[in-house]
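Asker: The structure follows.
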Amino acid sequence: MANDHPAIRFALLSDVHANLHALDAVLAHITARGDIDARYHLGDLVGYSAFPNEVVARLAEEGIAGVSGNYDTTVAHGYKHCGCRSENPEQEALAHISFEWTCRAVTTATRRALASLPFRLDLRPLGGHVAGPTLVLLHATPASNLVYVTEDRSDDFLRKMAAQAGVRAGDVIAFGHTHKPWSRTVDGVLFVNTGSVGRPKDGDPRAAYVVLDFSAAPPTATIVRVPYDVMAAKAALEEGGLPGAFGLVLESGLA
Ligand SMILES: [Fe+2]
């Protein structure tokens with residue numbers, strides 16, 4: 001029997017942050033390309049934008065499973081803070097406004113949906129009947145959904161992540177949380193930061209998602225950017241009573 005297998009492509013969406021305009025644009029983009037076999041999210045579904053309940057409902061309608069971001073677990077469990085890192089007192093004050101707004105806005109159904117998200121998901125895109133590869137989905141690291149895995153992290157840091165996750169050469173670890181997409185292979189393990197659908201911070205305001213292609217070994221990652229109606233998202237969050245500063249982040253792609 002041939003070892004070839006059909007094309008298997010997964011789309012990964014992270015850090016939607018209640019931005020329904022960006023999420024719907026990404027879902028439409030994935031549908032239009034027609035070559036994606038499965039879609040997953042990597043957490044931080046809520047916070048900073050106007051549609052936390054609608055985003056959670058849309059993902060459920062679409063059957064998109066995923067893992068819990070820091071925003072999801074802190075809202076779900078009524079923690080004191082979203083766990084987001086602030087660069088200065090002004091950002092800290094804005095982070096509190098967003099967290100309190102979101103905690104007030106979420107319905108019981110949304111809170112329960114957030115509380116039920118798993119911390120990590122282990123997938124076998126080619127099936128459990130073959131040796132691999134394994135795809136591990138996280139929001140940040142295998143130990144915490146608060147740690148920022150930025151592009152400048154050392155190879156040693158990533159090796160420790162791989163050991164904690166229990167993966168080996170040929171496997172993939174995917175995560176978000178920093179809102180800046182990148183990917184790198186260390187000791188044969190592919191590390192993929194998916195960037196952010198709803199609140200990019202890399203200077204490109206377009207929504208970001210990642211396509212993982214398992215059609216050939218080793219798997220590959222492609223970062224995709226999707227334009228969406230930023231001004232409508234900006235207007236909606238202001239109409240919802242959120243600070244205009246959050247709209248400026250959407251417009252600039254910078255926080
Ligand atoms: Fe986030």
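As shown in the structure tokens, the chain order sets the letters A, B, ...; within each chain, residues go from 1, and ligands are also counted from 1 in the order they appear.
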To check your reading of the model: which residues sit at most 12 Å from ligand 1 when counting only C-alpha atoms and all ligand atoms? Write the answer as number ranges by chain.
Answerer: A: 13-19, 41-49, 68-73, 82-85, 95, 139-140, 145-148, 175-180, 193-201, 255
Asker: Please return, as a list in words, all residues of stretch 9-84 of chain A that DSSP assigns to strand (DSSP E) on the basis of the backbone.
Answerer: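 Reading the DSSP output for stretch 9-84 of chain A, strand (DSSP E) covers Arg9, Phe10, Ala11, Leu12, Leu13, Ala38, Arg39, Tyr40, His41, Ala65 and Gly66 of chain A.
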Asker: How far is it from atom CA of A:Phe157 to atom CA of A:Ile173, in Å with one decimal?
Answerer: 13.2 Å
Asker: Fewer than 4 positions away in the same chain doesn't count, so skip those; otherwise give me all residues within 6 Å of A:Phe10, counting only C-alpha atoms, as a PDB file with N, CA and C atoms, in the first residue's frame.
Answerer:
ATOM      1  N   ILE A  36      -9.378  23.512   3.319  1.00  0.00           N
ATOM      2  CA  ILE A  36      -9.129  23.316   4.748  1.00  0.00           C
ATOM      3  C   ILE A  36     -10.018  22.182   5.268  1.00  0.00           C
ATOM      4  N   ASP A  37      -9.381  21.222   5.935  1.00  0.00           N
ATOM      5  CA  ASP A  37     -10.104  20.043   6.407  1.00  0.00           C
ATOM      6  C   ASP A  37     -10.645  20.203   7.817  1.00  0.00           C
ATOM      7  N   ALA A  38      -9.990  21.028   8.644  1.00  0.00           N
ATOM      8  CA  ALA A  38     -10.456  21.203  10.024  1.00  0.00           C
ATOM      9  C   ALA A  38     -10.026  22.577  10.517  1.00  0.00           C
ATOM     10  N   ARG A  39     -10.836  23.145  11.416  1.00  0.00           N
ATOM     11  CA  ARG A  39     -10.537  24.465  11.978  1.00  0.00           C
ATOM     12  C   ARG A  39     -10.551  24.358  13.507  1.00  0.00           C
ATOM     13  N   VAL A 211      -2.369  28.291   8.420  1.00  0.00           N
ATOM     14  CA  VAL A 211      -2.695  27.002   7.803  1.00  0.00           C
ATOM     15  C   VAL A 211      -1.534  26.046   8.045  1.00  0.00           C
ATOM     16  N   LEU A 212      -1.834  24.928   8.699  1.00  0.00           N
ATOM     17  CA  LEU A 212      -0.851  23.861   8.865  1.00  0.00           C
ATOM     18  C   LEU A 212      -1.136  22.814   7.799  1.00  0.00           C
TER      19      LEU A 212
END
Asker: Provide the atom CA of A:Glu54 to atom CA of A:Leu20 distance in Å, to one decimal place.
Answerer: 7.0 Å
Asker: Rounded to one decimal in Å, what is the spacing between atom CA of A:Lys80 and atom CA of A:Gly66?
Answerer: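 Result for atom CA of A:Lys80 versus atom CA of A:Gly66: 23.9 Å, one decimal.
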Asker: Fewer than 3 positions away in the same chain doesn't count, so skip those; otherwise give me all residues within 10 Å of A:Asp35, counting only C-alpha atoms, as JSON, numbers by chain.
Answerer: {"A": [7, 8, 9, 10, 11, 30, 31, 32, 38, 211]}
Asker: Can you spit out the residues from that selection as a CSV table (one decimal), in the first residue's frame, using C-alpha atoms?
Answerer:
chain,number,residue,atom,x,y,z
A,7,ALA,CA,-3.9,16.6,1.6
A,8,ILE,CA,-4.6,17.4,5.2
A,9,ARG,CA,-4.8,21.1,6.1
A,10,PHE,CA,-5.8,22.6,9.4
A,11,ALA,CA,-6.7,26.3,10.0
A,30,ILE,CA,-11.3,29.7,4.8
A,31,THR,CA,-14.6,28.6,3.2
A,32,ALA,CA,-13.7,30.4,-0.1
A,38,ALA,CA,-10.5,21.2,10.0
A,211,VAL,CA,-2.7,27.0,7.8
Asker: Within 12 Å of stretch 119-124 of chain A, which residues of stretch 163-195 of chain A come that close, and what is the closest atom pair and distance in Å for each? Count only C-alpha atoms and give it as a Markdown table.
Answerer:
| residue | atom | partner | partner_atom | distance |
| --- | --- | --- | --- | --- |
| A:Ala165 | CA | A:Asp122 | CA | 9.5 |
| A:Gly166 | CA | A:Asp122 | CA | 10.4 |
| A:Val167 | CA | A:Asp122 | CA | 10.1 |
| A:Gly170 | CA | A:Arg124 | CA | 11.8 |
| A:Asp171 | CA | A:Arg124 | CA | 9.5 |
| A:Val172 | CA | A:Leu123 | CA | 9.8 |
| A:Ile173 | CA | A:Asp122 | CA | 9.4 |
| A:Ala174 | CA | A:Leu121 | CA | 10.1 |
| A:Phe175 | CA | A:Arg120 | CA | 9.8 |
Asker: Could you please take those selected residues and save C-alpha atoms as a short mmCIF file (atom, residue, chain, number, x, y, z; two decimals), in the first residue's frame?
Answerer:
data_model
loop_
_atom_site.label_atom_id
_atom_site.label_comp_id
_atom_site.auth_asym_id
_atom_site.auth_seq_id
_atom_site.Cartn_x
_atom_site.Cartn_y
_atom_site.Cartn_z
CA ALA A 165 4.43 19.03 25.95
CA GLY A 166 5.89 15.57 25.35
CA VAL A 167 6.42 16.07 21.63
CA GLY A 170 8.09 15.90 13.28
CA ASP A 171 5.43 17.17 15.71
CA VAL A 172 3.90 20.65 15.92
CA ILE A 173 3.15 22.93 18.89
CA ALA A 174 0.80 25.82 18.06
CA PHE A 175 -0.09 28.74 20.33
#
Asker: Please provide the set of residues having any atom within 8 Å of A:Thr102, restricted to only C-alpha atoms, with same-chain residues fewer than 2 positions apart removed, written as number ranges by chain.
Answerer: A: 46-48, 52, 75, 98-100, 104-106
